[in-house]
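Just below is one structure, and these are the notes that go with it.
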Amino acid sequence: MNKKNMLVSLVLTMLALTGTKAQTPIYLDDSQPIELRVKDALSRMTMDEKVALCHAQSKFSSAGVPRLGIPELWMSDGPHGVRAEINWNNWNHAEWTNDSCTAFPALTCLTATWNPELSRLYGVAVGEEARYREKDILLGPGVNIYRTPMNGRNFEYMGEDPYLASVMVVPYIKGLQSQGVAACVKHYALNNQEVCRGWIDVEVSDRALREIYLPAFKAAAVEGGAWSFMGSYNKFRGEHACNNKTLLRDILKDEWQWDGVVVTDWGGCHDTYKSAMNGLDIEMGTGTNGLTSEAEFTYDDYYLGKMYRQQLKEGKIPMSVLDEQASRILRLIFRTAMNRQKPFGRFTCQEHYDACRQIADEGIVLLKNDNNILPLDATKYNKILVVGENATKSLTEGGGSSELKVKREVSPLQGLQALYGIKIAYAQGYQSGRFQYDHVDVIPQEVQDRLHDEAIEKAKDADLIIFVGGLNKNFNQDCESGDRTQYDLPFGQNQLIADLVAMKKQVVLVLISGNAVELPWVKQVPAIVQAWYIGSESGEAIADVLSGKVNPSGKLPFTFPVKLEDNGAHHFGKMSYPGDSIRQEYMEDILVGYRWHDTKKIAPQFAFGHGLSYTNFKYDKPTLSAKTLTTDGTLTVSVDITNTGNREGKEVVQLYIGDDKCSVLRPQKELKHFEKIALQHGETKTVQFTITPKDLQFYNNGWKTEPGKFTIYIGSSSRDIRGIETFALR
């Protein structure tokens, strides 16, 4: 019996001993409708007990109602695994010996699979790990839009396209919550950079807000039924997101009719009255930076602690506001901590490692493969040199709150050594320093020069070089609390790669990162693989793809600009990104990612949706069920896809729609549907998409469609269009 069920049993025993009726109180009876239980429990609570629900009682828990046998809520950072146990009242690790988890691939990798079935598998598996650790809320997934490649937390999110993020987040949430663990979807909303994240005031049009930055959150709330949301640190139109009436009250709770709990990001609450009135439910981490610093006061000193009680007693805040908050929190407790029907968890089991590997195998993206250098034919090479610190550096550590303490992590070097044995040699090539959250180690130049020269010397005898580099999860790389400071590769990697290529050697580049990077030597490197942060099975999955054991099928969830200025957020200068340290304006408006590149005719280095295979796919001409779509009708698009290569493979068929003439600016095209299909050699499948008027909407003081001509683009990426058709909306 776990501690939460023990509390319920204790209350029932106390009722029996005091002569209370033997009948189970309604709020303790999980056979009763949940709303009836909430109403019953609320009627038994004092004001002080209700207020206590609304703020933290430790670093990662909020109070229950001990007198009534209602347990507290326990939270854990995610979304890529269950974080190591943190002490009750400081940020130090508790140093448990039984909290080494499975590290699942980062959400950029999950999204790169373009496979909703794998998203559900991911959610179930990480939910089982959280359930095993008796966590009630997993702080994730994240669906903030990839606006700029400089954002330090992009690796935690689901890319630049709101439709793709919406489709991928829903099954993750459903899978996670099937284990009795609440998703806490973050960071709501507009937390699209880490620099000045605690106070930057974001100005964005209603149209961009609705078309780009909110759809994935809406899908999480309405379709996914997420049980909790996390408010973001930043301001929106002058008010912090965690007490922002427009975001929390008007849109999330009223317009979307969402019945869950809003939790602050740690330290994200700034006002008692506004927070309570505008829709905040649970305040966490006040007085800290969410990573390392400590508060100088007690939990009852929080904005929703004794200050809240005082304003309630004085009538400044109606009791109905408190009752709504307490009702939402009780509903969450009954769904999680007091849900005695939830499954048992599992932790670091083979099935979870298998899930990691499957997701990583499908998420790795083959960016370039000149002369079919991949898959590697081991018989051609006597000596393979692996170069790069990321081949051996643990990339489950660092990164901020997504850090993980893992039981198993196979490095890329280990994965390649297991496959190719004594043919593999290794050179570090460069050094990055320790994982830290607020500063970076300065590596002496003589150290970098020595490592560079050692790699060049070893490369002289190699038949093939596999460079495993990219970014890492140090501060100012892919890491919380700070953005990147350069678009190119750090630690002298560009020069090292250029020097290796100049030796006229075959070079395969494995990029490990959660962001796009500048690739000045891209034309000289014949094969490039985007491998992400892929967790416990990283080495195995990278070896799978390089060797050809797995045919790559991942597609980019964001655009690689050639240079940083080609990105829409950076085109307009400092006020667009990162702002003037007080406010910023999203001047590119709705033209985020490929929408900007396509509409402005700026060629990317690698396009959104791009990803190669070891086989080839032929697209036949798409056909339409009709040439006209009525405002209350549907239209079917069909296209035959044939695998014309010599091995099985998976392809992501992507459908984009462009509005040829509109009263407002529209992107050249937008992703509206996709399907991932598996085809054997020579096999043909018909893919069908159903288009409705909703696919044609834009936001302008409400969702609207305009009659006219529309173009359908069917392709293998946003730039690799294989078929075009037109239709009219009447």
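Going through the structure tokens in order, the chains are called A, B, and so on, while each chain numbers its residues from 1 and the ligands are numbered from 1 in the order shown.
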Residues near A:Gln680, anyone? I mean within 12 Å using only C-alpha atoms, not counting same-chain ones fewer than 2 positions away, as an MDAnalysis selection string. chainID A and resid 551 615:617 641:651 677:678 682:685
Grab the residues selected above and save them as a short mmCIF file (atom, residue, chain, number, x, y, z; two decimals), in the first residue's frame with all heavy atoms.
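Full text of result.cif as output:
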```
data_model
loop_
_atom_site.label_atom_id
_atom_site.label_comp_id
_atom_site.auth_asym_id
_atom_site.auth_seq_id
_atom_site.Cartn_x
_atom_site.Cartn_y
_atom_site.Cartn_z
N ASN A 551 16.41 2.14 -41.75
CA ASN A 551 16.32 3.11 -42.84
C ASN A 551 15.77 4.41 -42.26
O ASN A 551 14.66 4.43 -41.73
CB ASN A 551 15.39 2.59 -43.93
CG ASN A 551 15.44 3.42 -45.20
OD1 ASN A 551 16.05 4.49 -45.24
ND2 ASN A 551 14.80 2.92 -46.25
N THR A 615 16.01 4.66 -49.52
CA THR A 615 15.26 4.22 -50.68
C THR A 615 14.64 5.46 -51.33
O THR A 615 14.87 6.59 -50.89
CB THR A 615 14.19 3.18 -50.30
OG1 THR A 615 13.61 2.63 -51.49
CG2 THR A 615 13.08 3.79 -49.44
N ASN A 616 13.85 5.27 -52.37
CA ASN A 616 13.25 6.39 -53.10
C ASN A 616 11.74 6.21 -53.18
O ASN A 616 11.24 5.08 -53.26
CB ASN A 616 13.82 6.47 -54.52
CG ASN A 616 15.32 6.71 -54.52
OD1 ASN A 616 15.80 7.69 -53.99
ND2 ASN A 616 16.07 5.77 -55.11
N PHE A 617 11.04 7.34 -53.19
CA PHE A 617 9.58 7.31 -53.23
C PHE A 617 9.09 8.13 -54.42
O PHE A 617 9.48 9.28 -54.59
CB PHE A 617 8.99 7.86 -51.93
CG PHE A 617 9.41 7.08 -50.71
CD1 PHE A 617 10.43 7.54 -49.90
CD2 PHE A 617 8.79 5.89 -50.39
CE1 PHE A 617 10.84 6.83 -48.79
CE2 PHE A 617 9.18 5.16 -49.28
CZ PHE A 617 10.21 5.62 -48.47
N ILE A 641 1.68 6.67 -53.63
CA ILE A 641 3.11 6.74 -53.32
C ILE A 641 3.69 5.35 -53.55
O ILE A 641 3.17 4.36 -53.03
CB ILE A 641 3.36 7.16 -51.86
CG1 ILE A 641 2.51 8.38 -51.48
CG2 ILE A 641 4.85 7.42 -51.63
CD1 ILE A 641 2.84 9.63 -52.22
N THR A 642 4.79 5.28 -54.31
CA THR A 642 5.43 4.00 -54.61
C THR A 642 6.88 4.02 -54.14
O THR A 642 7.61 5.00 -54.38
CB THR A 642 5.41 3.72 -56.12
OG1 THR A 642 4.06 3.74 -56.59
CG2 THR A 642 6.03 2.35 -56.43
N ASN A 643 7.29 2.94 -53.48
CA ASN A 643 8.68 2.77 -53.10
C ASN A 643 9.43 2.20 -54.30
O ASN A 643 9.27 1.03 -54.65
CB ASN A 643 8.79 1.82 -51.90
CG ASN A 643 10.21 1.61 -51.41
OD1 ASN A 643 11.17 1.97 -52.08
ND2 ASN A 643 10.36 1.02 -50.24
N THR A 644 10.24 3.02 -54.96
CA THR A 644 10.94 2.60 -56.17
C THR A 644 12.37 2.17 -55.89
O THR A 644 13.12 1.86 -56.82
CB THR A 644 10.95 3.74 -57.20
OG1 THR A 644 11.62 4.88 -56.63
CG2 THR A 644 9.54 4.12 -57.60
N GLY A 645 12.77 2.16 -54.61
CA GLY A 645 14.13 1.76 -54.27
C GLY A 645 14.25 0.27 -54.06
O GLY A 645 13.35 -0.51 -54.41
N ASN A 646 15.36 -0.12 -53.44
CA ASN A 646 15.64 -1.56 -53.30
C ASN A 646 15.48 -2.07 -51.89
O ASN A 646 15.94 -3.16 -51.57
CB ASN A 646 17.04 -1.87 -53.82
CG ASN A 646 18.12 -1.08 -53.10
OD1 ASN A 646 17.85 -0.44 -52.08
ND2 ASN A 646 19.33 -1.11 -53.63
N ARG A 647 14.83 -1.27 -51.00
CA ARG A 647 14.59 -1.74 -49.64
C ARG A 647 13.36 -1.06 -49.06
O ARG A 647 12.88 -0.06 -49.60
CB ARG A 647 15.81 -1.47 -48.75
CG ARG A 647 16.20 0.00 -48.63
CD ARG A 647 17.33 0.19 -47.63
NE ARG A 647 16.90 -0.17 -46.28
CZ ARG A 647 17.74 -0.26 -45.24
NH1 ARG A 647 19.03 -0.02 -45.41
NH2 ARG A 647 17.29 -0.58 -44.05
N GLU A 648 12.85 -1.64 -47.97
CA GLU A 648 11.66 -1.04 -47.35
C GLU A 648 12.01 0.32 -46.76
O GLU A 648 13.17 0.60 -46.43
CB GLU A 648 11.10 -1.97 -46.28
CG GLU A 648 12.06 -2.30 -45.13
CD GLU A 648 12.18 -1.22 -44.07
OE1 GLU A 648 11.20 -0.49 -43.85
OE2 GLU A 648 13.27 -1.10 -43.48
N GLY A 649 10.99 1.15 -46.58
CA GLY A 649 11.21 2.47 -46.00
C GLY A 649 9.91 3.12 -45.58
O GLY A 649 8.82 2.63 -45.91
N LYS A 650 10.03 4.22 -44.85
CA LYS A 650 8.87 4.99 -44.41
C LYS A 650 8.98 6.40 -44.96
O LYS A 650 10.06 6.99 -44.97
CB LYS A 650 8.78 5.01 -42.88
CG LYS A 650 8.55 3.65 -42.26
CD LYS A 650 8.51 3.72 -40.75
CE LYS A 650 8.26 2.33 -40.15
NZ LYS A 650 8.23 2.36 -38.67
N GLU A 651 7.84 6.92 -45.38
CA GLU A 651 7.80 8.27 -45.94
C GLU A 651 6.70 9.07 -45.26
O GLU A 651 5.63 8.52 -44.92
CB GLU A 651 7.54 8.21 -47.46
CG GLU A 651 7.28 9.54 -48.14
CD GLU A 651 8.48 10.47 -48.21
OE1 GLU A 651 9.38 10.35 -47.36
OE2 GLU A 651 8.52 11.32 -49.11
N ILE A 677 3.77 6.65 -43.80
CA ILE A 677 3.42 5.33 -44.32
C ILE A 677 4.68 4.49 -44.46
O ILE A 677 5.78 5.01 -44.66
CB ILE A 677 2.70 5.43 -45.68
CG1 ILE A 677 3.57 6.18 -46.71
CG2 ILE A 677 1.35 6.10 -45.52
CD1 ILE A 677 3.01 6.14 -48.12
N ALA A 678 4.52 3.17 -44.34
CA ALA A 678 5.61 2.20 -44.53
C ALA A 678 5.36 1.46 -45.84
O ALA A 678 4.25 0.99 -46.10
CB ALA A 678 5.67 1.23 -43.37
N GLY A 682 8.91 -1.71 -54.08
CA GLY A 682 7.94 -1.89 -55.16
C GLY A 682 6.50 -1.69 -54.77
O GLY A 682 5.61 -1.69 -55.63
N GLU A 683 6.22 -1.49 -53.49
CA GLU A 683 4.84 -1.37 -53.02
C GLU A 683 4.29 0.03 -53.26
O GLU A 683 5.01 1.03 -53.17
CB GLU A 683 4.77 -1.69 -51.53
CG GLU A 683 3.35 -1.69 -50.96
CD GLU A 683 3.30 -1.99 -49.47
OE1 GLU A 683 4.38 -2.09 -48.84
OE2 GLU A 683 2.19 -2.13 -48.93
N THR A 684 3.00 0.10 -53.55
CA THR A 684 2.29 1.37 -53.73
C THR A 684 1.15 1.46 -52.73
O THR A 684 0.44 0.48 -52.50
CB THR A 684 1.72 1.49 -55.16
OG1 THR A 684 2.79 1.47 -56.10
CG2 THR A 684 0.94 2.79 -55.32
N LYS A 685 1.01 2.63 -52.13
CA LYS A 685 -0.12 2.88 -51.24
C LYS A 685 -0.78 4.19 -51.64
O LYS A 685 -0.11 5.13 -52.09
CB LYS A 685 0.32 2.96 -49.78
CG LYS A 685 0.64 1.62 -49.14
CD LYS A 685 0.93 1.76 -47.64
CE LYS A 685 1.21 0.40 -47.02
NZ LYS A 685 1.53 0.53 -45.56
#
```
Apply DSSP to the backbone of this structure and, from stretch 367-503 of chain A, keep only the residues in helix (DSSP H, G or I); write these as a PyMOL selection string. chain A and resi 370-372+378-380+389-391+412-423+445-459+493-502
Near-A:Tyr619 list (12 Å; only C-alpha atoms; drop same-chain fewer than 4 positions) as number ranges by chain: A: 623, 638-644, 651-654, 684-687, 713-716, 720-724
Please dump the current selection as a PDB file, in the first residue's frame; keep C-alpha atoms.
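Below is the file that was written, part35.pdb:
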```
ATOM      1  CA  THR A 623      -6.438  13.799 -57.521  1.00  0.00           C
ATOM      2  CA  SER A 638      -5.712  11.219 -52.980  1.00  0.00           C
ATOM      3  CA  VAL A 639      -2.146  10.479 -54.018  1.00  0.00           C
ATOM      4  CA  ASP A 640      -0.385   7.203 -54.802  1.00  0.00           C
ATOM      5  CA  ILE A 641       3.106   6.738 -53.317  1.00  0.00           C
ATOM      6  CA  THR A 642       5.434   4.002 -54.611  1.00  0.00           C
ATOM      7  CA  ASN A 643       8.683   2.769 -53.097  1.00  0.00           C
ATOM      8  CA  THR A 644      10.937   2.600 -56.168  1.00  0.00           C
ATOM      9  CA  GLU A 651       7.799   8.268 -45.941  1.00  0.00           C
ATOM     10  CA  VAL A 652       5.956  11.261 -44.497  1.00  0.00           C
ATOM     11  CA  VAL A 653       3.497  12.573 -47.065  1.00  0.00           C
ATOM     12  CA  GLN A 654       2.835  16.241 -46.353  1.00  0.00           C
ATOM     13  CA  THR A 684       2.292   1.369 -53.731  1.00  0.00           C
ATOM     14  CA  LYS A 685      -0.124   2.880 -51.243  1.00  0.00           C
ATOM     15  CA  THR A 686      -2.846   5.447 -51.675  1.00  0.00           C
ATOM     16  CA  VAL A 687      -2.827   8.244 -49.137  1.00  0.00           C
ATOM     17  CA  TYR A 713       0.836  21.225 -52.423  1.00  0.00           C
ATOM     18  CA  ILE A 714       1.738  17.565 -51.833  1.00  0.00           C
ATOM     19  CA  GLY A 715       5.358  17.003 -50.949  1.00  0.00           C
ATOM     20  CA  SER A 716       8.155  15.271 -49.106  1.00  0.00           C
ATOM     21  CA  ASP A 720      10.236  19.301 -52.102  1.00  0.00           C
ATOM     22  CA  ILE A 721       6.782  19.558 -53.672  1.00  0.00           C
ATOM     23  CA  ARG A 722       5.798  16.543 -55.776  1.00  0.00           C
ATOM     24  CA  GLY A 723       2.298  17.530 -56.882  1.00  0.00           C
ATOM     25  CA  ILE A 724       0.034  20.583 -57.087  1.00  0.00           C
TER      26      ILE A 724
END
```
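Between A:Tyr302 and the residues A:His55, A:Lys473, A:Arg666, A:Lys555, the shortest atom-to-atom distance, using only C-alpha atoms, involves A:His55.
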Using only C-alpha atoms, which protein or nucleic acid residues come within 12 Å of stretch 453-463 of chain A? Drop anything in the same chain fewer than 5 positions from it, and give the result as a PyMOL selection string. chain A and resi 376-389+423-430+446-448+492-493+495-508
Find, counting only C-alpha atoms, the residue in A:Glu156, A:Gly398, A:Ala418, A:Gly539 that gets nearest to A:Val468.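 Closest residue, counting only C-alpha atoms: A:Gly539.
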Between A:Thr705, A:Thr113, A:Gln530, A:Asn144, which has the minimum distance to A:Thr630 (counting only C-alpha atoms)?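 Distance minimum relative to A:Thr630 lands on A:Thr705.
Atom CA of A:Trp199 is positioned 9.5 Å from atom CA of A:Gly238.
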Report as a tab-separated table the residues of stretch 265-312 of chain A within 12 Å of stretch 77-87 of chain A, each with its shortest atom pair and distance in Å (one decimal), using only C-alpha atoms, ordered by chain and increasing residue number.
```
residue	atom	partner	partner_atom	distance
A:Asp265	CA	A:Asp77	CA	11.0
A:Trp266	CA	A:Asp77	CA	11.1
A:Gly290	CA	A:Asp77	CA	11.1
A:Leu291	CA	A:Ile86	CA	11.1
A:Thr292	CA	A:Ile86	CA	11.4
```
Nearest to A:Asp281 among A:Gly415, A:Gly140, A:Gly231, A:Gly315, with distances taken over only C-alpha atoms: which residue is it? A:Gly231
Top pick for closest residue to A:Ala527, considering A:Lys368, A:Arg147, A:His240, A:Lys274 and counting only C-alpha atoms: A:Lys368
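Considering the residues A:Asn192, A:Ser553, A:Ser538, A:Asn154 and counting only C-alpha atoms, A:His610 has its shortest atom-to-atom contact with A:Ser553.
Within the 8 Å cut-off around A:Leu624, using only C-alpha atoms and omitting residues fewer than 6 positions from it on the same chain, the listed residues are Leu635, Thr636, Val637, Ser638 and Glu725 of chain A.
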Just-selected residues, N, CA, C and O atoms written as a tab-separated table (two decimals), in the first residue's frame:
```tsv
chain	number	residue	atom	x	y	z
A	635	LEU	N	-13.69	17.81	-48.99
A	635	LEU	CA	-13.04	17.50	-50.26
A	635	LEU	C	-11.93	16.49	-49.97
A	635	LEU	O	-11.17	16.66	-49.01
A	636	THR	N	-11.84	15.45	-50.76
A	636	THR	CA	-10.83	14.41	-50.54
A	636	THR	C	-9.69	14.55	-51.55
A	636	THR	O	-9.93	14.69	-52.75
A	637	VAL	N	-8.49	14.49	-51.03
A	637	VAL	CA	-7.28	14.52	-51.87
A	637	VAL	C	-6.64	13.14	-51.78
A	637	VAL	O	-6.41	12.63	-50.69
A	638	SER	N	-6.33	12.54	-52.94
A	638	SER	CA	-5.71	11.22	-52.98
A	638	SER	C	-4.41	11.30	-53.76
A	638	SER	O	-4.31	12.00	-54.77
A	725	GLU	N	-2.38	20.83	-56.98
A	725	GLU	CA	-3.74	20.89	-57.50
A	725	GLU	C	-4.41	22.13	-56.95
A	725	GLU	O	-3.96	22.71	-55.93
```
Work out how far atom CA of A:Lys186 is from atom CA of A:Ile70, in Å to one decimal.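 For atom CA of A:Ile70 relative to atom CA of A:Lys186, the distance reads 26.3 Å.
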Can you list, as number ranges by chain, all residues belonging to stretch 477-528 of chain A that DSSP tags as strand (DSSP E)? A: 506-512, 527-528
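Our summary of the geometry notes that atom CA of A:Thr148 is positioned 27.8 Å from atom CA of A:Pro412.
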Within 6 Å of stretch 331-339 of chain A, counting only C-alpha atoms, which residues show up once you throw out same-chain ones fewer than 2 positions away? Write them as a list in words, please. Asp136, Gly180, Val181, Arg328, Ile329, Gln341 and Lys342 of chain A
Would you mind exporting the chosen residues as a short mmCIF file (atom, residue, chain, number, x, y, z; two decimals), in the first residue's frame, restricted to C-alpha atoms?
```
data_model
loop_
_atom_site.label_atom_id
_atom_site.label_comp_id
_atom_site.auth_asym_id
_atom_site.auth_seq_id
_atom_site.Cartn_x
_atom_site.Cartn_y
_atom_site.Cartn_z
CA ASP A 136 1.20 12.87 -9.73
CA GLY A 180 -2.85 8.30 -13.71
CA VAL A 181 -0.16 10.98 -14.09
CA ARG A 328 -9.95 22.40 -9.73
CA ILE A 329 -7.16 21.17 -7.45
CA GLN A 341 -7.66 2.51 -10.35
CA LYS A 342 -4.42 3.79 -11.88
#
```
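If you count only C-alpha atoms and ignore residues fewer than 6 places along the chain from stretch 346-349 of chain A, what sits within 10 Å of it is Val82, Asn98, Asp99, Ser100, Cys101, Thr102, Ala103, Ala125, Val126, Gly127, Glu128, Glu129, Ala130, Arg131, Tyr132, Arg133, Val406, Lys407, Arg408 and Ser536 of chain A.
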